[in-house]
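Next up, target.pdb (PDB, C-alpha atoms):
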```
ATOM      1  CA  MET N   1     -26.624  -3.181  18.346  1.00  0.00           C
ATOM      2  CA  SER N   2     -25.773  -6.074  20.651  1.00  0.00           C
ATOM      3  CA  PHE N   3     -24.605  -9.525  19.626  1.00  0.00           C
ATOM      4  CA  PRO N   4     -24.677 -12.884  21.406  1.00  0.00           C
ATOM      5  CA  THR N   5     -21.324 -13.918  22.774  1.00  0.00           C
ATOM      6  CA  ALA N   6     -19.596 -17.289  22.809  1.00  0.00           C
ATOM      7  CA  PRO N   7     -16.642 -18.709  24.754  1.00  0.00           C
ATOM      8  CA  PHE N   8     -13.249 -17.874  23.306  1.00  0.00           C
ATOM      9  CA  SER N   9     -10.529 -20.411  24.043  1.00  0.00           C
ATOM     10  CA  GLY N  10      -7.041 -21.331  22.928  1.00  0.00           C
ATOM     11  CA  PRO N  11      -3.539 -19.839  23.179  1.00  0.00           C
ATOM     12  CA  LEU N  12      -4.606 -16.374  22.058  1.00  0.00           C
ATOM     13  CA  ALA N  13      -7.450 -16.313  24.569  1.00  0.00           C
ATOM     14  CA  ALA N  14      -5.058 -17.342  27.316  1.00  0.00           C
ATOM     15  CA  HIS N  15      -2.691 -14.558  26.349  1.00  0.00           C
ATOM     16  CA  LEU N  16      -5.379 -11.878  26.119  1.00  0.00           C
ATOM     17  CA  GLY N  17      -7.359 -12.845  29.192  1.00  0.00           C
ATOM     18  CA  GLY N  18     -11.121 -13.103  29.561  1.00  0.00           C
ATOM     19  CA  ILE N  19     -12.802 -11.839  26.396  1.00  0.00           C
ATOM     20  CA  ALA N  20     -15.808 -13.015  24.415  1.00  0.00           C
ATOM     21  CA  VAL N  21     -16.514 -13.072  20.692  1.00  0.00           C
ATOM     22  CA  ARG N  22     -19.643 -13.028  18.586  1.00  0.00           C
ATOM     23  CA  SER N  23     -21.242 -16.361  17.866  1.00  0.00           C
ATOM     24  CA  ARG N  24     -20.695 -17.810  14.414  1.00  0.00           C
ATOM     25  CA  ASP N  25     -24.237 -17.080  13.257  1.00  0.00           C
ATOM     26  CA  ASP N  26     -23.945 -13.409  14.169  1.00  0.00           C
ATOM     27  CA  ALA N  27     -20.321 -12.777  13.273  1.00  0.00           C
ATOM     28  CA  LEU N  28     -21.133 -10.487  10.322  1.00  0.00           C
ATOM     29  CA  PRO N  29     -23.106  -7.439  11.480  1.00  0.00           C
ATOM     30  CA  VAL N  30     -25.380  -7.055   8.447  1.00  0.00           C
ATOM     31  CA  ALA N  31     -28.918  -8.388   8.243  1.00  0.00           C
ATOM     32  CA  PRO N  32     -29.492 -11.220   5.750  1.00  0.00           C
ATOM     33  CA  ALA N  33     -31.637 -10.525   2.707  1.00  0.00           C
ATOM     34  CA  SER N  34     -34.571 -12.300   4.348  1.00  0.00           C
ATOM     35  CA  ASP N  35     -34.851  -9.335   6.733  1.00  0.00           C
ATOM     36  CA  ARG N  36     -37.033  -7.134   4.554  1.00  0.00           C
ATOM     37  CA  SER N  37     -37.181  -4.369   7.155  1.00  0.00           C
ATOM     38  CA  VAL N  38     -33.595  -3.692   6.067  1.00  0.00           C
ATOM     39  CA  TRP N  39     -33.407  -4.819   2.449  1.00  0.00           C
ATOM     40  CA  ASP N  40     -36.807  -4.044   0.944  1.00  0.00           C
ATOM     41  CA  ARG N  41     -36.145  -1.894  -2.108  1.00  0.00           C
ATOM     42  CA  ARG N  42     -38.961   0.535  -1.273  1.00  0.00           C
ATOM     43  CA  SER N  43     -39.235   0.611   2.500  1.00  0.00           C
ATOM     44  CA  GLY N  44     -36.081  -0.925   3.960  1.00  0.00           C
ATOM     45  CA  THR N  45     -33.614   0.949   6.126  1.00  0.00           C
ATOM     46  CA  ALA N  46     -30.679   0.228   3.801  1.00  0.00           C
ATOM     47  CA  ASP N  47     -29.496   3.146   1.654  1.00  0.00           C
ATOM     48  CA  ARG N  48     -32.157   3.116  -1.057  1.00  0.00           C
ATOM     49  CA  VAL N  49     -30.464   5.766  -3.199  1.00  0.00           C
ATOM     50  CA  GLY N  50     -27.254   3.780  -3.200  1.00  0.00           C
ATOM     51  CA  ILE N  51     -29.088   0.523  -3.904  1.00  0.00           C
ATOM     52  CA  GLU N  52     -30.909   1.996  -6.894  1.00  0.00           C
ATOM     53  CA  ALA N  53     -27.632   3.266  -8.357  1.00  0.00           C
ATOM     54  CA  ILE N  54     -26.041  -0.156  -7.932  1.00  0.00           C
ATOM     55  CA  ILE N  55     -29.013  -1.927  -9.513  1.00  0.00           C
ATOM     56  CA  ALA N  56     -28.969   0.474 -12.465  1.00  0.00           C
ATOM     57  CA  ARG N  57     -25.300  -0.343 -13.116  1.00  0.00           C
ATOM     58  CA  ALA N  58     -25.929  -4.063 -12.643  1.00  0.00           C
ATOM     59  CA  GLU N  59     -28.829  -4.041 -15.110  1.00  0.00           C
ATOM     60  CA  VAL N  60     -26.602  -2.591 -17.813  1.00  0.00           C
ATOM     61  CA  GLU N  61     -23.903  -5.227 -17.406  1.00  0.00           C
ATOM     62  CA  ARG N  62     -26.102  -8.287 -16.801  1.00  0.00           C
ATOM     63  CA  PRO N  63     -26.684  -9.054 -20.518  1.00  0.00           C
ATOM     64  CA  THR N  64     -22.943  -8.819 -21.237  1.00  0.00           C
ATOM     65  CA  PRO N  65     -20.322 -11.573 -20.841  1.00  0.00           C
ATOM     66  CA  TRP N  66     -18.635 -11.799 -17.469  1.00  0.00           C
ATOM     67  CA  PRO N  67     -15.062 -10.467 -17.372  1.00  0.00           C
ATOM     68  CA  HIS N  68     -12.583 -13.283 -17.849  1.00  0.00           C
ATOM     69  CA  PRO N  69      -9.052 -13.113 -16.386  1.00  0.00           C
ATOM     70  CA  ARG N  70      -6.961 -14.994 -18.942  1.00  0.00           C
ATOM     71  CA  ALA N  71      -4.075 -17.361 -18.366  1.00  0.00           C
ATOM     72  CA  SER N  72      -1.967 -15.567 -20.965  1.00  0.00           C
ATOM     73  CA  ASP N  73      -2.413 -12.337 -19.021  1.00  0.00           C
ATOM     74  CA  ALA N  74      -1.416 -14.037 -15.775  1.00  0.00           C
ATOM     75  CA  ALA N  75       1.780 -15.227 -17.459  1.00  0.00           C
ATOM     76  CA  ARG N  76       2.612 -11.660 -18.509  1.00  0.00           C
ATOM     77  CA  VAL N  77       3.610 -10.869 -14.931  1.00  0.00           C
ATOM     78  CA  HIS N  78       6.706 -13.011 -15.532  1.00  0.00           C
ATOM     79  CA  ARG N  79       7.138 -12.288 -19.242  1.00  0.00           C
ATOM     80  CA  ASP N  80       6.976  -8.506 -19.408  1.00  0.00           C
ATOM     81  CA  GLY N  81       6.008  -7.355 -15.912  1.00  0.00           C
ATOM     82  CA  ASP N  82       2.432  -6.395 -16.819  1.00  0.00           C
ATOM     83  CA  ARG N  83       0.144  -7.268 -13.904  1.00  0.00           C
ATOM     84  CA  THR N  84      -2.856  -5.080 -14.710  1.00  0.00           C
ATOM     85  CA  ALA N  85      -4.182  -7.045 -17.700  1.00  0.00           C
ATOM     86  CA  TRP N  86      -5.092  -9.987 -15.462  1.00  0.00           C
ATOM     87  CA  GLU N  87      -5.980  -7.936 -12.399  1.00  0.00           C
ATOM     88  CA  ASP N  88      -8.340  -5.552 -14.220  1.00  0.00           C
ATOM     89  CA  ALA N  89     -10.499  -8.443 -15.444  1.00  0.00           C
ATOM     90  CA  ALA N  90     -10.410 -10.261 -12.093  1.00  0.00           C
ATOM     91  CA  PHE N  91     -11.270  -7.131 -10.120  1.00  0.00           C
ATOM     92  CA  GLU N  92     -14.148  -6.193 -12.413  1.00  0.00           C
ATOM     93  CA  ARG N  93     -15.544  -9.726 -12.194  1.00  0.00           C
ATOM     94  CA  GLN N  94     -15.646  -9.428  -8.402  1.00  0.00           C
ATOM     95  CA  ARG N  95     -17.141  -5.939  -8.516  1.00  0.00           C
ATOM     96  CA  ARG N  96     -19.882  -7.202 -10.837  1.00  0.00           C
ATOM     97  CA  LEU N  97     -20.575 -10.044  -8.407  1.00  0.00           C
ATOM     98  CA  SER N  98     -20.885  -7.575  -5.533  1.00  0.00           C
ATOM     99  CA  ARG N  99     -23.332  -5.439  -7.498  1.00  0.00           C
ATOM    100  CA  ALA N 100     -25.420  -8.486  -8.399  1.00  0.00           C
ATOM    101  CA  THR N 101     -25.459  -9.494  -4.735  1.00  0.00           C
ATOM    102  CA  ILE N 102     -26.872  -6.131  -3.690  1.00  0.00           C
ATOM    103  CA  ALA N 103     -29.478  -6.326  -6.461  1.00  0.00           C
ATOM    104  CA  ALA N 104     -30.469  -9.814  -5.344  1.00  0.00           C
ATOM    105  CA  ALA N 105     -30.770  -8.781  -1.696  1.00  0.00           C
ATOM    106  CA  ALA N 106     -32.897  -5.760  -2.575  1.00  0.00           C
ATOM    107  CA  THR N 107     -35.252  -7.476  -5.014  1.00  0.00           C
ATOM    108  CA  LEU N 108     -35.139 -11.227  -4.193  1.00  0.00           C
ATOM    109  CA  ASP N 109     -35.631 -11.631  -7.949  1.00  0.00           C
ATOM    110  CA  ASP N 110     -34.682 -15.105  -9.190  1.00  0.00           C
ATOM    111  CA  ALA N 111     -32.857 -13.556 -12.147  1.00  0.00           C
ATOM    112  CA  TRP N 112     -30.532 -11.723  -9.781  1.00  0.00           C
ATOM    113  CA  ILE N 113     -30.039 -14.831  -7.654  1.00  0.00           C
ATOM    114  CA  ASP N 114     -29.001 -16.634 -10.855  1.00  0.00           C
ATOM    115  CA  GLU N 115     -26.555 -13.828 -11.642  1.00  0.00           C
ATOM    116  CA  VAL N 116     -25.027 -14.225  -8.193  1.00  0.00           C
ATOM    117  CA  VAL N 117     -24.785 -17.995  -8.632  1.00  0.00           C
ATOM    118  CA  ASP N 118     -23.035 -17.490 -11.972  1.00  0.00           C
ATOM    119  CA  GLY N 119     -20.537 -15.079 -10.414  1.00  0.00           C
ATOM    120  CA  VAL N 120     -19.913 -17.272  -7.392  1.00  0.00           C
ATOM    121  CA  VAL N 121     -19.233 -20.355  -9.506  1.00  0.00           C
ATOM    122  CA  LEU N 122     -16.971 -18.385 -11.851  1.00  0.00           C
ATOM    123  CA  LEU N 123     -14.960 -17.237  -8.851  1.00  0.00           C
ATOM    124  CA  CYS N 124     -14.850 -20.781  -7.486  1.00  0.00           C
ATOM    125  CA  GLU N 125     -13.654 -22.075 -10.864  1.00  0.00           C
ATOM    126  CA  GLN N 126     -10.967 -19.412 -11.232  1.00  0.00           C
ATOM    127  CA  SER N 127      -7.648 -21.262 -11.069  1.00  0.00           C
ATOM    128  CA  SER N 128      -6.320 -19.101  -8.262  1.00  0.00           C
ATOM    129  CA  TRP N 129      -7.554 -16.339  -5.983  1.00  0.00           C
ATOM    130  CA  CYS N 130      -3.982 -15.189  -5.524  1.00  0.00           C
ATOM    131  CA  TRP N 131      -2.964 -12.297  -7.770  1.00  0.00           C
ATOM    132  CA  PRO N 132      -0.258 -13.558 -10.159  1.00  0.00           C
ATOM    133  CA  ALA N 133       2.152 -10.824  -9.083  1.00  0.00           C
ATOM    134  CA  HIS N 134       2.074 -12.223  -5.523  1.00  0.00           C
ATOM    135  CA  ASP N 135       2.151 -15.964  -6.249  1.00  0.00           C
ATOM    136  CA  ASP N 136       5.321 -17.879  -5.361  1.00  0.00           C
ATOM    137  CA  THR N 137       4.612 -20.544  -7.982  1.00  0.00           C
ATOM    138  CA  LEU N 138       7.613 -19.555 -10.136  1.00  0.00           C
ATOM    139  CA  ARG N 139      10.016 -19.881  -7.230  1.00  0.00           C
ATOM    140  CA  SER N 140       8.415 -23.004  -5.793  1.00  0.00           C
ATOM    141  CA  HIS N 141       7.381 -24.874  -8.943  1.00  0.00           C
ATOM    142  CA  GLY N 142       9.035 -23.160 -11.903  1.00  0.00           C
ATOM    143  CA  ALA N 143       5.594 -22.261 -13.271  1.00  0.00           C
ATOM    144  CA  VAL N 144       4.252 -18.971 -14.611  1.00  0.00           C
ATOM    145  CA  LEU N 145       0.641 -20.007 -13.921  1.00  0.00           C
ATOM    146  CA  ALA N 146      -0.876 -20.803 -10.546  1.00  0.00           C
ATOM    147  CA  THR N 147      -0.217 -24.273  -9.152  1.00  0.00           C
ATOM    148  CA  VAL N 148      -3.708 -25.304  -8.118  1.00  0.00           C
ATOM    149  CA  THR N 149      -2.456 -27.996  -5.749  1.00  0.00           C
ATOM    150  CA  ASP N 150      -0.379 -25.461  -3.816  1.00  0.00           C
ATOM    151  CA  PRO N 151      -2.499 -22.304  -3.381  1.00  0.00           C
ATOM    152  CA  TYR N 152      -0.829 -19.119  -2.207  1.00  0.00           C
ATOM    153  CA  VAL N 153      -2.668 -16.976   0.346  1.00  0.00           C
ATOM    154  CA  ASP N 154      -2.298 -13.284  -0.444  1.00  0.00           C
ATOM    155  CA  LEU N 155      -4.472 -10.173  -0.413  1.00  0.00           C
ATOM    156  CA  GLY N 156      -6.452 -11.468  -3.391  1.00  0.00           C
ATOM    157  CA  ALA N 157      -7.212 -14.798  -1.732  1.00  0.00           C
ATOM    158  CA  GLY N 158      -8.221 -13.039   1.470  1.00  0.00           C
ATOM    159  CA  GLU N 159     -10.500 -10.697  -0.449  1.00  0.00           C
ATOM    160  CA  ALA N 160     -12.131 -13.491  -2.460  1.00  0.00           C
ATOM    161  CA  VAL N 161     -12.865 -15.691   0.543  1.00  0.00           C
ATOM    162  CA  ALA N 162     -14.252 -12.686   2.438  1.00  0.00           C
ATOM    163  CA  GLN N 163     -16.501 -11.744  -0.463  1.00  0.00           C
ATOM    164  CA  LEU N 164     -17.880 -15.270  -0.642  1.00  0.00           C
ATOM    165  CA  ALA N 165     -18.435 -15.322   3.119  1.00  0.00           C
ATOM    166  CA  TRP N 166     -20.479 -12.125   2.915  1.00  0.00           C
ATOM    167  CA  ILE N 167     -22.516 -13.500  -0.004  1.00  0.00           C
ATOM    168  CA  ASP N 168     -23.157 -16.732   1.890  1.00  0.00           C
ATOM    169  CA  HIS N 169     -24.281 -14.738   4.923  1.00  0.00           C
ATOM    170  CA  LEU N 170     -26.454 -12.313   2.987  1.00  0.00           C
ATOM    171  CA  LEU N 171     -28.110 -14.694   0.522  1.00  0.00           C
ATOM    172  CA  GLY N 172     -27.716 -18.112   2.132  1.00  0.00           C
ATOM    173  CA  ALA N 173     -31.424 -18.960   2.221  1.00  0.00           C
ATOM    174  CA  GLN N 174     -31.953 -17.778  -1.344  1.00  0.00           C
ATOM    175  CA  LEU N 175     -28.948 -19.727  -2.641  1.00  0.00           C
ATOM    176  CA  ASP N 176     -30.180 -22.880  -0.915  1.00  0.00           C
ATOM    177  CA  ALA N 177     -33.591 -22.485  -2.521  1.00  0.00           C
ATOM    178  CA  ARG N 178     -32.399 -21.561  -6.008  1.00  0.00           C
ATOM    179  CA  ALA N 179     -29.114 -23.478  -6.386  1.00  0.00           C
ATOM    180  CA  PRO N 180     -28.689 -26.175  -3.735  1.00  0.00           C
ATOM    181  CA  GLY N 181     -25.034 -27.124  -3.444  1.00  0.00           C
ATOM    182  CA  VAL N 182     -23.482 -23.771  -4.249  1.00  0.00           C
ATOM    183  CA  ARG N 183     -22.892 -22.969  -0.584  1.00  0.00           C
ATOM    184  CA  ALA N 184     -21.110 -26.297  -0.137  1.00  0.00           C
ATOM    185  CA  ARG N 185     -18.912 -25.345  -3.089  1.00  0.00           C
ATOM    186  CA  ILE N 186     -18.071 -22.040  -1.406  1.00  0.00           C
ATOM    187  CA  ARG N 187     -17.027 -23.863   1.756  1.00  0.00           C
ATOM    188  CA  HIS N 188     -14.931 -26.376  -0.166  1.00  0.00           C
ATOM    189  CA  GLU N 189     -13.023 -23.708  -2.059  1.00  0.00           C
ATOM    190  CA  ALA N 190     -12.524 -21.621   1.066  1.00  0.00           C
ATOM    191  CA  ARG N 191     -11.070 -24.623   2.845  1.00  0.00           C
ATOM    192  CA  VAL N 192      -8.669 -25.825   0.148  1.00  0.00           C
ATOM    193  CA  ARG N 193      -7.585 -22.396  -1.112  1.00  0.00           C
ATOM    194  CA  VAL N 194      -7.266 -20.443   2.134  1.00  0.00           C
ATOM    195  CA  PHE N 195      -7.752 -22.214   5.454  1.00  0.00           C
ATOM    196  CA  GLU N 196      -5.769 -25.383   4.820  1.00  0.00           C
ATOM    197  CA  PRO N 197      -2.806 -23.637   3.136  1.00  0.00           C
ATOM    198  CA  PHE N 198      -2.771 -21.044   5.900  1.00  0.00           C
ATOM    199  CA  GLN N 199      -2.534 -23.773   8.533  1.00  0.00           C
ATOM    200  CA  ARG N 200      -0.128 -25.962   6.571  1.00  0.00           C
ATOM    201  CA  ARG N 201       2.551 -23.359   5.901  1.00  0.00           C
ATOM    202  CA  ARG N 202       4.312 -21.182   8.448  1.00  0.00           C
ATOM    203  CA  ASP N 203       6.409 -19.102   6.045  1.00  0.00           C
ATOM    204  CA  TRP N 204       3.780 -16.555   5.029  1.00  0.00           C
ATOM    205  CA  HIS N 205       5.905 -13.429   4.790  1.00  0.00           C
ATOM    206  CA  TRP N 206       2.962 -11.179   5.642  1.00  0.00           C
ATOM    207  CA  ILE N 207       2.463 -12.692   9.104  1.00  0.00           C
ATOM    208  CA  GLY N 208       5.558 -10.841  10.296  1.00  0.00           C
ATOM    209  CA  LEU N 209       7.253 -13.697  12.140  1.00  0.00           C
ATOM    210  CA  ASP N 210      10.574 -12.219  11.016  1.00  0.00           C
ATOM    211  CA  GLY N 211       9.831  -9.215  13.210  1.00  0.00           C
ATOM    212  CA  ASP N 212       8.650  -6.832  10.503  1.00  0.00           C
ATOM    213  CA  VAL N 213       5.098  -5.500  10.713  1.00  0.00           C
ATOM    214  CA  HIS N 214       3.372  -6.122   7.374  1.00  0.00           C
ATOM    215  CA  ASN N 215       0.351  -4.206   6.129  1.00  0.00           C
ATOM    216  CA  TRP N 216      -1.213  -7.334   4.570  1.00  0.00           C
ATOM    217  CA  ASN N 217      -1.490  -8.973   7.976  1.00  0.00           C
ATOM    218  CA  PRO N 218      -4.703  -7.385   9.341  1.00  0.00           C
ATOM    219  CA  TRP N 219      -6.466  -7.489   5.964  1.00  0.00           C
ATOM    220  CA  ILE N 220      -5.865 -11.177   5.312  1.00  0.00           C
ATOM    221  CA  HIS N 221      -6.548 -12.228   8.880  1.00  0.00           C
ATOM    222  CA  GLY N 222      -9.681 -10.085   8.880  1.00  0.00           C
TER     223      GLY N 222
END
```

Would you mind giving the structure from this file in structure tokens?
Amino acid sequence: MSFPTAPFSGPLAAHLGGIAVRSRDDALPVAPASDRSVWDRRSGTADRVGIEAIIARAEVERPTPWPHPRASDAARVHRDGDRTAWEDAAFERQRRLSRATIAAAATLDDAWIDEVVDGVVLLCEQSSWCWPAHDDTLRSHGAVLATVTDPYVDLGAGEAVAQLAWIDHLLGAQLDARAPGVRARIRHEARVRVFEPFQRRRDWHWIGLDGDVHNWNPWIHG
């Protein structure tokens, strides 16, 4: 598969020499849901067996309440060292959103689009995308809960913003038709929670400026 290329400029480009990158519109190498030759549930080239298994799981959980990571569980990281109570709920919420996204892409059913919208907005309304065990809010602000005005960029924040980017790419047209404004919300949260903090601070320990290679680095940058 070939992709259009675009000029690549800046300090990194100067250091690396003449290279080209994919254009913004083609940066994610998966067809959007509007391409039915890929996503059609019956005839598309996507893994139909896998899609049916995902839809079956999603149908079971759709009538149930969404998982809810609680503030009291986030505080437990500092009270008794338990990090899994909050993380289990947060992770399952994101997994449910991913399953709903696949179901929506395969069926284009409005009910599944609504499920995706619900999951996206829940994620956007979550106080922090940073996992409480990684947040520096206690050291910086004396708080055991996330400081929403000072987001911390960690693996969880990188994963959340990536998930939303994939959803925006895959279902952008459907989200615009069914819930105008939700894509603008995604962009707002991505900017204030990830891109602006990343640019504002230079002390992210995972960048490795102290000389130590850090395994978070490629995942968050990716």

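Residues matched by the PyMOL selection byres ((chain N and resi 217) around 10) in this file are Asp154, Leu155, Trp204, His205, Trp206, Ile207, Gly208, Val213, His214, Asn215, Trp216, Pro218, Trp219, Ile220, His221 and Gly222 of chain N.
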
Using all atoms listed in the file, find each residue in range 107-218 of chain N having at least one atom no more than 12 Å away from range 26-39 of chain N; report its shortest atom-to-atom pair and that distance in Å (one decimal), rows by chain then rising number, as a tab-separated table.
```
residue	atom	partner	partner_atom	distance
N:Thr107	CA	N:Trp39	CA	8.1
N:Leu108	CA	N:Ala33	CA	7.8
N:Asp109	CA	N:Ala33	CA	11.4
N:Ile113	CA	N:Ala33	CA	11.3
N:Ala162	CA	N:Leu28	CA	10.7
N:Gln163	CA	N:Leu28	CA	11.8
N:Ala165	CA	N:Leu28	CA	9.1
N:Trp166	CA	N:Leu28	CA	7.6
N:Ile167	CA	N:Pro32	CA	9.3
N:Asp168	CA	N:Pro32	CA	9.2
N:His169	CA	N:Pro32	CA	6.3
N:Leu170	CA	N:Pro32	CA	4.2
N:Leu171	CA	N:Ala33	CA	5.9
N:Gly172	CA	N:Pro32	CA	8.0
N:Ala173	CA	N:Ser34	CA	7.7
N:Gln174	CA	N:Ala33	CA	8.3
N:Leu175	CA	N:Ala33	CA	11.0
```

_Cut-off 10 Å around (-1.7, -4.5, -9.8) with all atoms listed in the file: residues as a VMD selection string_ = chain N and resid 77 82 to 88 91 131 to 134

_Result set, the PyMOL selection byres ((chain N and resi 59) around 12) on current file, as a list in words_ = Glu52, Ala53, Ile54, Ile55, Ala56, Arg57, Ala58, Val60, Glu61, Arg62, Pro63, Thr64, Arg96, Arg99, Ala100, Ile102, Ala103, Ala104, Ala111, Trp112 and Glu115 of chain N

Box for range 194-200 of chain N: with edges along x, y and z, all listed atoms inside and 6 Å added on each side, what are the centre and edge lengths in Å to one decimal, as JSON?
```
{"center_x": -3.9, "center_y": -23.2, "center_z": 5.3, "size_x": 19.6, "size_y": 17.5, "size_z": 18.4}
```

*Tell me, in Å to one decimal, how far CA of Arg185 in chain N is from CA of Leu164 in chain N.*
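Value for the CA of Arg185 in chain N-CA of Leu164 in chain N distance: 10.4 Å.
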
*Give me, please, the distance in Å between CA of Gly10 in chain N and CA of Arg202 in chain N, quoted to one decimal.*
18.4 Å

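Candidate residues N:Arg193, N:Ile186, N:Pro180, N:Leu145 were compared for distance to Gly158 in chain N, and the nearest is N:Arg193, using all atoms listed in the file.
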
Any chance you could build range 92-99 of chain N out to all heavy atoms and write it as a PDB file, keeping the file's coordinate frame?
```
ATOM      1  N   GLU N  92     -12.835  -6.572 -11.909  1.00  0.00           N
ATOM      2  CA  GLU N  92     -14.148  -6.193 -12.413  1.00  0.00           C
ATOM      3  C   GLU N  92     -15.136  -7.342 -12.284  1.00  0.00           C
ATOM      4  O   GLU N  92     -16.323  -7.131 -12.031  1.00  0.00           O
ATOM      5  CB  GLU N  92     -14.055  -5.730 -13.862  1.00  0.00           C
ATOM      6  CG  GLU N  92     -15.352  -5.160 -14.419  1.00  0.00           C
ATOM      7  CD  GLU N  92     -15.956  -4.061 -13.542  1.00  0.00           C
ATOM      8  OE1 GLU N  92     -15.198  -3.280 -12.916  1.00  0.00           O
ATOM      9  OE2 GLU N  92     -17.203  -3.974 -13.474  1.00  0.00           O
ATOM     10  N   ARG N  93     -14.672  -8.582 -12.424  1.00  0.00           N
ATOM     11  CA  ARG N  93     -15.544  -9.726 -12.194  1.00  0.00           C
ATOM     12  C   ARG N  93     -16.078  -9.702 -10.765  1.00  0.00           C
ATOM     13  O   ARG N  93     -17.278  -9.916 -10.540  1.00  0.00           O
ATOM     14  CB  ARG N  93     -14.786 -11.022 -12.450  1.00  0.00           C
ATOM     15  CG  ARG N  93     -15.560 -12.267 -12.063  1.00  0.00           C
ATOM     16  CD  ARG N  93     -14.697 -13.516 -12.165  1.00  0.00           C
ATOM     17  NE  ARG N  93     -14.673 -14.020 -13.519  1.00  0.00           N
ATOM     18  CZ  ARG N  93     -14.012 -15.123 -13.888  1.00  0.00           C
ATOM     19  NH1 ARG N  93     -13.295 -15.800 -13.006  1.00  0.00           N
ATOM     20  NH2 ARG N  93     -14.048 -15.540 -15.132  1.00  0.00           N
ATOM     21  N   GLN N  94     -15.218  -9.440  -9.796  1.00  0.00           N
ATOM     22  CA  GLN N  94     -15.646  -9.428  -8.402  1.00  0.00           C
ATOM     23  C   GLN N  94     -16.536  -8.232  -8.097  1.00  0.00           C
ATOM     24  O   GLN N  94     -17.480  -8.345  -7.312  1.00  0.00           O
ATOM     25  CB  GLN N  94     -14.437  -9.487  -7.473  1.00  0.00           C
ATOM     26  CG  GLN N  94     -13.786 -10.861  -7.473  1.00  0.00           C
ATOM     27  CD  GLN N  94     -12.617 -10.944  -6.519  1.00  0.00           C
ATOM     28  OE1 GLN N  94     -11.464 -11.015  -6.944  1.00  0.00           O
ATOM     29  NE2 GLN N  94     -12.886 -10.953  -5.221  1.00  0.00           N
ATOM     30  N   ARG N  95     -16.258  -7.100  -8.723  1.00  0.00           N
ATOM     31  CA  ARG N  95     -17.141  -5.939  -8.516  1.00  0.00           C
ATOM     32  C   ARG N  95     -18.528  -6.221  -9.092  1.00  0.00           C
ATOM     33  O   ARG N  95     -19.547  -5.854  -8.486  1.00  0.00           O
ATOM     34  CB  ARG N  95     -16.519  -4.692  -9.145  1.00  0.00           C
ATOM     35  CG  ARG N  95     -15.345  -4.134  -8.365  1.00  0.00           C
ATOM     36  CD  ARG N  95     -14.936  -2.775  -8.864  1.00  0.00           C
ATOM     37  NE  ARG N  95     -14.271  -2.834 -10.144  1.00  0.00           N
ATOM     38  CZ  ARG N  95     -12.946  -2.841 -10.305  1.00  0.00           C
ATOM     39  NH1 ARG N  95     -12.136  -2.791  -9.246  1.00  0.00           N
ATOM     40  NH2 ARG N  95     -12.422  -2.873 -11.521  1.00  0.00           N
ATOM     41  N   ARG N  96     -18.583  -6.849 -10.257  1.00  0.00           N
ATOM     42  CA  ARG N  96     -19.882  -7.202 -10.837  1.00  0.00           C
ATOM     43  C   ARG N  96     -20.626  -8.160  -9.914  1.00  0.00           C
ATOM     44  O   ARG N  96     -21.847  -8.030  -9.732  1.00  0.00           O
ATOM     45  CB  ARG N  96     -19.690  -7.825 -12.219  1.00  0.00           C
ATOM     46  CG  ARG N  96     -20.982  -8.346 -12.831  1.00  0.00           C
ATOM     47  CD  ARG N  96     -20.797  -8.679 -14.299  1.00  0.00           C
ATOM     48  NE  ARG N  96     -21.944  -9.408 -14.833  1.00  0.00           N
ATOM     49  CZ  ARG N  96     -22.146  -9.663 -16.124  1.00  0.00           C
ATOM     50  NH1 ARG N  96     -21.251  -9.256 -17.010  1.00  0.00           N
ATOM     51  NH2 ARG N  96     -23.217 -10.335 -16.535  1.00  0.00           N
ATOM     52  N   LEU N  97     -19.941  -9.110  -9.335  1.00  0.00           N
ATOM     53  CA  LEU N  97     -20.575 -10.044  -8.407  1.00  0.00           C
ATOM     54  C   LEU N  97     -21.126  -9.310  -7.192  1.00  0.00           C
ATOM     55  O   LEU N  97     -22.237  -9.614  -6.731  1.00  0.00           O
ATOM     56  CB  LEU N  97     -19.573 -11.116  -7.977  1.00  0.00           C
ATOM     57  CG  LEU N  97     -20.034 -12.119  -6.922  1.00  0.00           C
ATOM     58  CD1 LEU N  97     -21.316 -12.823  -7.329  1.00  0.00           C
ATOM     59  CD2 LEU N  97     -18.921 -13.128  -6.647  1.00  0.00           C
ATOM     60  N   SER N  98     -20.397  -8.348  -6.682  1.00  0.00           N
ATOM     61  CA  SER N  98     -20.885  -7.575  -5.533  1.00  0.00           C
ATOM     62  C   SER N  98     -22.140  -6.793  -5.898  1.00  0.00           C
ATOM     63  O   SER N  98     -23.099  -6.740  -5.114  1.00  0.00           O
ATOM     64  CB  SER N  98     -19.796  -6.621  -5.037  1.00  0.00           C
ATOM     65  OG  SER N  98     -18.724  -7.333  -4.468  1.00  0.00           O
ATOM     66  N   ARG N  99     -22.149  -6.185  -7.080  1.00  0.00           N
ATOM     67  CA  ARG N  99     -23.332  -5.439  -7.498  1.00  0.00           C
ATOM     68  C   ARG N  99     -24.535  -6.369  -7.661  1.00  0.00           C
ATOM     69  O   ARG N  99     -25.665  -6.033  -7.245  1.00  0.00           O
ATOM     70  CB  ARG N  99     -23.048  -4.678  -8.800  1.00  0.00           C
ATOM     71  CG  ARG N  99     -22.104  -3.498  -8.623  1.00  0.00           C
ATOM     72  CD  ARG N  99     -21.996  -2.667  -9.880  1.00  0.00           C
ATOM     73  NE  ARG N  99     -21.208  -3.307 -10.917  1.00  0.00           N
ATOM     74  CZ  ARG N  99     -19.902  -3.124 -11.110  1.00  0.00           C
ATOM     75  NH1 ARG N  99     -19.209  -2.351 -10.276  1.00  0.00           N
ATOM     76  NH2 ARG N  99     -19.276  -3.722 -12.110  1.00  0.00           N
TER      77      ARG N  99
END
```
